[in-house]
Structures are given as C-alpha cells and as structure tokens.
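Only one structure is covered here, and it is reproduced in the block below.
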Amino acid sequence: MIQGAILSDPRLEALRAPFRETGAAWVQPPVLQPLSLVLDLAGEALRSRLFVLQAAGGEEVCLRPDFTTPVARLHLASGAASGDYAYEGLVFRASADEPEEILQVGIERFAAGSADLARAEADAGLVDMVWRAARAGGRPDLSLRLGDAGLFPAFVETLGLNPVLAARLVRMAARPSRLAAELERKDPGEATAGAEDVLARRLGALAPDEAAALLQEIWGLAGITPVGGRSAAEIVGRLVRRAEAARAPALSPAQADAVRAFLSVREAPRRALADLGALAPAGSALRARIDGWSARLDRIEAAASGAAPAVFEAAPRGDFAYYDGLVFEVLSAGLGPDRPVAAGGRYDGLPARLSGSTAAAGSALGGMVLPGRALAEAGQ
C-alpha cells in the first residue's frame with residue numbers, strides 16, 4: 001500500500017486516537033537534521049541507513065531517521081520542564097526491504113525527575129498506549145516483545161573486564177554479527193590485522209593535533225573529500241579507540257560463555273527475568289535493574305488493553321543507541337520478528353546529552369506505530 005492510500009484510510013484516525021487522548025501537543029519537527037548529531041546520539045550502526053545531504057560548503061545533514069531526537073530538541077528549546085508531544089509524518093531510511101519514506105505516528109513524553117515507581121507507571125502507560133494504537137489497524141496476530149537497553153551494560157559490568165574491552169562489548173551490543181565475532185576472538189592479534197587498524201596504530205603514536213593534520217594530508221594526496229559529518233580529529237579519535245579496543249585482552253572462555261548465556265535468554269517475561277537474576281550478583285546494578293521490573297510487569301499486565309502474549313528478550317535490539325531503559329516492540333506473526341508494527345522505549349539520558357546539562361535529566365520515553373504495517377491489508 002502506498003503512503004497516499006494509508007493517509008486516506010479511515011482506520012488511521014482510530015490509530016491516532018490513543019495519542020490524542022493524552023492531550024499532547026502535535027508537532028512537526030524539521031525533516032533535515034544535523035548528521036553529526038544523529039550519529040553521535042543514535043549510533044554508528046545507523047549510518048548505512050541514512051540519506052545524507054550537503055549544501056556547498058555547508059554542514060552535512062540527513063533526512064530524519066526518526067522523530068525522537070528532533071522532538072527532544074523541540075522540547076528543550078521550549079524551556080518547559082515537562083511536555084507531551086505527538087507527531088505524524090515521514091521518516092527516511094535506506095534498506096533492501098523497506099520503503100524509503102515511512103509514515104510514523106507516535107508520542108514523546110518528558111517529565112522532571114521522577115521516582116522509580118512513577119517511571120514504572122509511565123512505562124506501562126506507554127506500552128498500553130502504543131499497543132492500543134497498533135491494534136486499531138486490525139491485525140489479529142499481534143504480540144509484545146519486551147526488553148531493557150540497560151541490562152546488557154549492567155551485565156558486562158559484573159564480568160570485571162578490562163575497561164576498553166567492556167566498552168567495546170557494549171558498543172557492539174546492537175550489531176549481532178560483530179558481537180558474535182568478538183565472542184570467538186582468542187587473542188588481540190586476531191582483531192588487528194586490517195589496514196584500518198594499522199593506520200590507527202600509527203596515528204595513535206602521534207599527538208592528537210599532529211594525527212589529525214596527517215589524516216587531512218593523506219586525504220589531500222589521495223583526492224578524498226570526507227563525508228559523514230566527522231572532522232579529522234573525530235575520525236582519528238575513533239580509529240585510535242578502535243585499535244586500543246582490538247588490542248585489549250580477549251574474553252576468557254568462561255566470560256564468553258557467560259555473555260552467550262545472557263544473550264540467549266528469551267522467554268515469558270517473569271521466567272526470563274528469573275533466568276537473568278541467576279546471572280546477577282547480589283548488590284549489583286544488574287540485580288537492581290532486574291528487581292525493578294517486577295512493578296513494571298505488574299502494571300503492564302494489569303492494563304485493560306491486555307498487551308499479550310509477551311516475550312522478554314535479553315539481547316539488545318534496535319538501530320538507536322540512545323535507549324537506556326525499557327524497550328519494546330509490537331510484532332505481527334504475519335510480518336515476522338524483524339518487521340515490527342510498533343516500537344518504543346525509555347531514553348532518560350538523551351535530553352541531558354542534547355543540552356550538555358544534567359539539569360535536563362528526568363523521565364523521557366516515547367513510542368510510535370507504523371501505519372503501513374499496522375493496517376492489516378497494508379502489510380499483507
């Protein structure tokens with residue numbers, strides 16, 4: 001179904017209704033977004049799915065790949081401590097099996113600092129809202145997949161790893177093939193054979209400003225015009241960090257097996273959390289996050305809309321690295337596990353990262369529905 005047909009479908013108003021009920025302000029943030037900001041916040045894994053543009057001599061920009069960051073910027077610019085913002089519009093992503101223009105309807109919700117119980121209530125309310133919107137499309141085969149973006153970093157912390165290796169694992173969390181390769185790595189030499197790593201080691205031996213100048217000279221000699229929103233200094237920094245990470249000690253067999261055990265957990269929510277709890281030392285941040293899920297599940301399960309059946313998956317998912325708490329997807333059996341009908345999550349740290357001030361810290365979460373998949377005939 002083309003976007004025009006979706007926009008004229010009478011069921012679209014029913015899909016919007018759960019977001020309208022909140023009284024949220026409807027916003028339409030700019031389509032063009034700063035490329036470097038998107039990559040810094042969403043993560044490098046998203047780069048291959050972006051549409052990049054650059055005016056002559058201007059800053060590189062991209063067509064917005066989502067609404068969360070643009071809406072968060074609008075909220076911060078307003079100066080308000082709290083706010084609910086609904087939206088409806090196109091996002092743009094490149095993929096072999098995805099339209100280039102994808103219609104989204106959703107909401108982003110911001111509040112001043114709140115207690116854990118209030119966050120559990122807000123999380124459950126968001127899941128219920130998005131579930132009801134997804135069901136309005138008429139699909140009879142929906143189910144809910146739950147997760148927590150903060151669990152894997154907290155688990156890695158329990159392993160007592162070299163800090164560089166720990167950071168490397170967390171960065172790889174959303175890139176399963178790279179993470180699987182890291183779990184198989186036996187020694188540092190296996191990860192340092194590439195030409196890029198040789199260049200990184202040589203640049204790393206220089207002072208930062210000298211390394212950046214050398215990289216720019218290499219570009220000039222090769223006739224290369226850099227793209228992607230990164231300065232020479234930023235690229236050098238990334239290359240050096242990558243080389244340092246590749247030289248870090250490999251995981252021991254026991255540590256690699258522990259990571260595999262964590263990532264393999266995928267069961268009914270309470271059973272999954274019990275299995276994860278068996279991997280969590282008492283008093284650890286991981287144990288605290290797992291324990292906090294009890295109240296959240298109570299409220300999700302009590303919602304009148306009955307967002308079920310549900311599965312909890314420990315392995316990190318998604319293109320966007322700014323999520324730091326609850327993550328969820330509404331799935332259709334007919335579309336398969338890699339084409340969610342709706343999704344959302346918590347990103348409390350994003351406003352502070354955008355503003356550069358801890359004063360912006362608080363509760364931040366959002367979710368969206370893809371009408372092109374939610375409307376039953378559209379995704380058939």
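Note on naming: chains are A, B, ... as they come in the structure tokens, residues start from 1 per chain, ligands start from 1 in the order shown.
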
For the interface of range 138-172 of chain A with range 346-368 of chain A (cut-off 10 Å, counting only C-alpha atoms), please tabulate each contacting residue of range 138-172 of chain A alongside its nearest pair of atoms and their separation in Å to one decimal, rows sorted by chain and increasing number, as JSON lines.
{"residue": "A:Asp148", "atom": "CA", "partner": "A:Arg346", "partner_atom": "CA", "distance": 8.8}
{"residue": "A:Ala149", "atom": "CA", "partner": "A:Arg346", "partner_atom": "CA", "distance": 8.6}
{"residue": "A:Gly150", "atom": "CA", "partner": "A:Arg346", "partner_atom": "CA", "distance": 9.9}

Using only C-alpha atoms: which of A:Glu313, A:Leu179, A:Phe51, A:Gly372 has the shortest distance to Glu100 in chain A: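 Counting only C-alpha atoms, the residue closest to Glu100 in chain A is A:Phe51.
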
Coordinates-based distance that separates CA of Arg287 in chain A from CA of Ser252 in chain A (Å, one decimal):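 These two atoms are separated by 23.0 Å.
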
Point-to-point distance in Å for CA of Phe262 in chain A and CA of Ala288 in chain A: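 Value for the CA of Ala288 in chain A-CA of Phe262 in chain A distance: 16.2 Å.
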
Selection near Asp141 in chain A, 6 Å with only C-alpha atoms, sequence-local residues under 2 positions removed, as a list in words: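 Near Asp141 in chain A, the qualifying residues are Arg139, Ser332 and Ala333 of chain A.
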
For the selection you just gave me, I'd like the residues written to a file as an mmCIF file, in the first residue's frame, keeping N, CA and C atoms.
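Done, and the output landed in again-v9.cif:
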data_model
loop_
_atom_site.group_PDB
_atom_site.id
_atom_site.type_symbol
_atom_site.label_atom_id
_atom_site.label_comp_id
_atom_site.auth_asym_id
_atom_site.auth_seq_id
_atom_site.Cartn_x
_atom_site.Cartn_y
_atom_site.Cartn_z
ATOM 1 N N ARG A 139 -4.985 -5.856 12.769
ATOM 2 C CA ARG A 139 -4.276 -7.136 12.714
ATOM 3 C C ARG A 139 -4.664 -8.008 13.910
ATOM 4 N N SER A 332 3.955 -8.689 14.525
ATOM 5 C CA SER A 332 2.895 -9.395 13.812
ATOM 6 C C SER A 332 3.437 -10.740 13.343
ATOM 7 N N ALA A 333 2.718 -11.814 13.632
ATOM 8 C CA ALA A 333 3.161 -13.134 13.181
ATOM 9 C C ALA A 333 3.267 -13.172 11.663
#

For Val259 in chain A, the nearest of the candidates A:Phe19, A:Tyr85, A:Phe152, A:Phe92, counting only C-alpha atoms: A:Phe152

Residue nearest Phe67 in chain A among A:Ser177, A:Gln33, A:Ser264, A:Ser48 (counting only C-alpha atoms):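 Under the stated criterion, the closest residue is A:Gln33.
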
Contacts of Val61 in chain A at 6 Å (only C-alpha atoms; same-chain gap of 6+ positions) as a list in words: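 My list of contacting residues is Gln33, Pro34, Leu35, Val52 and Leu53 of chain A.
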
Take the residues from that selection and put them in a file with N, CA and C atoms, as a short mmCIF file (atom, residue, chain, number, x, y, z; two decimals), in the first residue's frame.
data_model
loop_
_atom_site.label_atom_id
_atom_site.label_comp_id
_atom_site.auth_asym_id
_atom_site.auth_seq_id
_atom_site.Cartn_x
_atom_site.Cartn_y
_atom_site.Cartn_z
N GLN A 33 18.09 17.07 9.55
CA GLN A 33 18.70 17.02 10.87
C GLN A 33 20.23 16.99 10.74
N PRO A 34 20.96 17.59 11.69
CA PRO A 34 22.44 17.57 11.61
C PRO A 34 22.97 16.14 11.64
N LEU A 35 23.75 15.79 10.65
CA LEU A 35 24.23 14.41 10.55
C LEU A 35 25.10 14.02 11.74
N VAL A 52 22.02 11.15 3.25
CA VAL A 52 22.88 12.27 3.62
C VAL A 52 22.88 13.33 2.52
N LEU A 53 22.84 14.60 2.95
CA LEU A 53 22.84 15.74 2.03
C LEU A 53 23.86 16.75 2.51
#

Surrounding residues of Tyr87 in chain A excluding itself and chain neighbours under 2 positions, 12 Å, only C-alpha atoms, as a CSV table (one decimal) with C-alpha atoms, in the first residue's frame:
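Contents of result-v8.csv, freshly written:
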chain,number,residue,atom,x,y,z
A,16,ARG,CA,-4.2,8.2,16.2
A,19,PHE,CA,-2.1,9.6,21.3
A,20,ARG,CA,-4.8,12.3,21.0
A,24,ALA,CA,-0.3,16.1,23.7
A,25,ALA,CA,0.8,19.0,21.5
A,26,TRP,CA,1.1,17.9,17.9
A,27,VAL,CA,4.4,18.9,16.4
A,28,GLN,CA,6.2,18.6,13.1
A,29,PRO,CA,10.0,18.9,13.5
A,30,PRO,CA,12.3,19.7,10.6
A,66,ASP,CA,13.2,9.0,13.5
A,67,PHE,CA,11.3,11.6,15.5
A,68,THR,CA,12.7,11.1,19.0
A,70,PRO,CA,14.1,16.1,16.7
A,71,VAL,CA,11.2,16.2,19.2
A,84,ASP,CA,3.9,15.5,25.8
A,85,TYR,CA,4.4,15.8,22.0
A,89,GLY,CA,5.0,12.3,9.5
A,90,LEU,CA,7.6,10.6,7.4
A,91,VAL,CA,11.0,9.2,8.4
A,103,LEU,CA,4.9,7.0,7.9
A,104,GLN,CA,5.1,7.1,11.7
A,105,VAL,CA,2.5,8.2,14.3
A,106,GLY,CA,3.8,8.5,17.8
A,107,ILE,CA,4.4,10.4,21.0
A,108,GLU,CA,7.4,11.6,23.1
A,109,ARG,CA,6.9,12.3,26.8
A,366,GLY,CA,8.3,7.6,23.6
A,367,GLY,CA,6.7,5.2,21.1
A,368,MET,CA,5.4,5.0,17.6
A,369,VAL,CA,3.3,3.0,15.2

Among the residues A:Trp131, A:Phe155, A:Trp293, A:Phe110, the one that comes closest to Ala258 in chain A [using only C-alpha atoms]: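 Among A:Trp131, A:Phe155, A:Trp293, A:Phe110, it is A:Phe155 that comes nearest to Ala258 in chain A.
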
So that I can see what lies close to Ala42 in chain A, please list as an mmCIF file with N, CA and C atoms, in the first residue's frame the residues with an atom at most 7 Å from it, counting only C-alpha atoms and leaving out residues fewer than 3 positions away in the same chain.
data_model
loop_
_atom_site.group_PDB
_atom_site.id
_atom_site.type_symbol
_atom_site.label_atom_id
_atom_site.label_comp_id
_atom_site.auth_asym_id
_atom_site.auth_seq_id
_atom_site.Cartn_x
_atom_site.Cartn_y
_atom_site.Cartn_z
ATOM 1 N N VAL A 38 22.996 13.240 14.794
ATOM 2 C CA VAL A 38 22.267 11.973 14.675
ATOM 3 C C VAL A 38 23.193 10.794 14.940
ATOM 4 N N LEU A 39 24.404 10.825 14.362
ATOM 5 C CA LEU A 39 25.340 9.721 14.549
ATOM 6 C C LEU A 39 25.826 9.648 15.992
ATOM 7 N N LEU A 46 23.691 3.048 12.578
ATOM 8 C CA LEU A 46 22.612 3.589 11.753
ATOM 9 C C LEU A 46 23.119 4.245 10.472
ATOM 10 N N PHE A 320 18.759 2.435 17.360
ATOM 11 C CA PHE A 320 19.037 3.675 18.056
ATOM 12 C C PHE A 320 19.679 3.424 19.411
ATOM 13 N N ALA A 321 20.890 3.982 19.579
ATOM 14 C CA ALA A 321 21.692 3.691 20.763
ATOM 15 C C ALA A 321 21.327 4.545 21.967
ATOM 16 N N TYR A 322 20.386 5.490 21.827
ATOM 17 C CA TYR A 322 20.093 6.377 22.952
ATOM 18 C C TYR A 322 19.152 5.754 23.974
#

Pairwise distance for CA of Arg64 in chain A and CA of Arg171 in chain A, rounded to one decimal in Å: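 Spanning CA of Arg64 in chain A to CA of Arg171 in chain A is a straight-line distance of 22.4 Å.
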
Option closest in space to Val31 in chain A, from A:Gly336, A:Gly79, A:Pro65, A:Pro269 [counting only C-alpha atoms]: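 Ranked by minimum distance to Val31 in chain A, first place goes to A:Pro65.
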
Counting only C-alpha atoms, the option among A:Asp123, A:Glu184, A:Glu267, A:Asp291 closest to Phe328 in chain A: A:Asp123

Spatial neighbours of Gln255 in chain A, max dist 12 Å, only C-alpha atoms, sep filter under 3 positions, as a list in words: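 Surrounding residues, per the criterion: Phe155, Val156, Glu157, Thr158, Leu159, Gly160, Leu161, Leu165, Ala166, Leu169, Glu182, Leu183, Glu184, Arg185, Lys186, Pro249, Ala250, Leu251, Ser252, Ala258, Val259, Arg260, Ala261, Phe262 and Leu279 of chain A.
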
Write the residues of the selection above to a file with C-alpha atoms, as a PDB file, in the first residue's frame.
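Saved result, again-v8.pdb, follows:
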ATOM      1  CA  PHE A 155      25.694  -7.371  32.931  1.00  0.00           C
ATOM      2  CA  VAL A 156      29.046  -6.551  31.292  1.00  0.00           C
ATOM      3  CA  GLU A 157      29.942  -4.591  34.420  1.00  0.00           C
ATOM      4  CA  THR A 158      29.597  -7.772  36.507  1.00  0.00           C
ATOM      5  CA  LEU A 159      32.290  -9.531  34.448  1.00  0.00           C
ATOM      6  CA  GLY A 160      35.119  -7.330  35.752  1.00  0.00           C
ATOM      7  CA  LEU A 161      36.584  -6.846  32.287  1.00  0.00           C
ATOM      8  CA  LEU A 165      37.048  -4.407  26.276  1.00  0.00           C
ATOM      9  CA  ALA A 166      33.922  -3.743  28.338  1.00  0.00           C
ATOM     10  CA  LEU A 169      31.254  -5.116  24.024  1.00  0.00           C
ATOM     11  CA  GLU A 182      34.172 -10.778  19.444  1.00  0.00           C
ATOM     12  CA  LEU A 183      32.975 -13.757  21.481  1.00  0.00           C
ATOM     13  CA  GLU A 184      35.027 -16.039  19.225  1.00  0.00           C
ATOM     14  CA  ARG A 185      38.191 -13.906  19.330  1.00  0.00           C
ATOM     15  CA  LYS A 186      41.062 -15.752  21.014  1.00  0.00           C
ATOM     16  CA  PRO A 249      42.644  -8.951  26.049  1.00  0.00           C
ATOM     17  CA  ALA A 250      40.104 -11.333  24.593  1.00  0.00           C
ATOM     18  CA  LEU A 251      37.303 -12.727  26.713  1.00  0.00           C
ATOM     19  CA  SER A 252      38.124 -15.899  28.554  1.00  0.00           C
ATOM     20  CA  ALA A 258      28.501 -16.094  30.259  1.00  0.00           C
ATOM     21  CA  VAL A 259      27.774 -13.464  27.596  1.00  0.00           C
ATOM     22  CA  ARG A 260      26.205 -16.121  25.350  1.00  0.00           C
ATOM     23  CA  ALA A 261      24.049 -17.334  28.238  1.00  0.00           C
ATOM     24  CA  PHE A 262      22.829 -13.800  28.883  1.00  0.00           C
ATOM     25  CA  LEU A 279      23.351 -14.335  36.407  1.00  0.00           C
TER      26      LEU A 279
END

Members of range 255-351 of chain A assigned strand (DSSP E) by DSSP, as a list in words: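 Filtering range 255-351 of chain A to strand (DSSP E) leaves Arg266, Glu267, Ala310, Val311, Phe312, Glu313, Leu326, Val327, Phe328, Glu329, Val330, Leu331, Ser332, Ala342, Ala343, Gly344, Gly345 and Arg346 of chain A.
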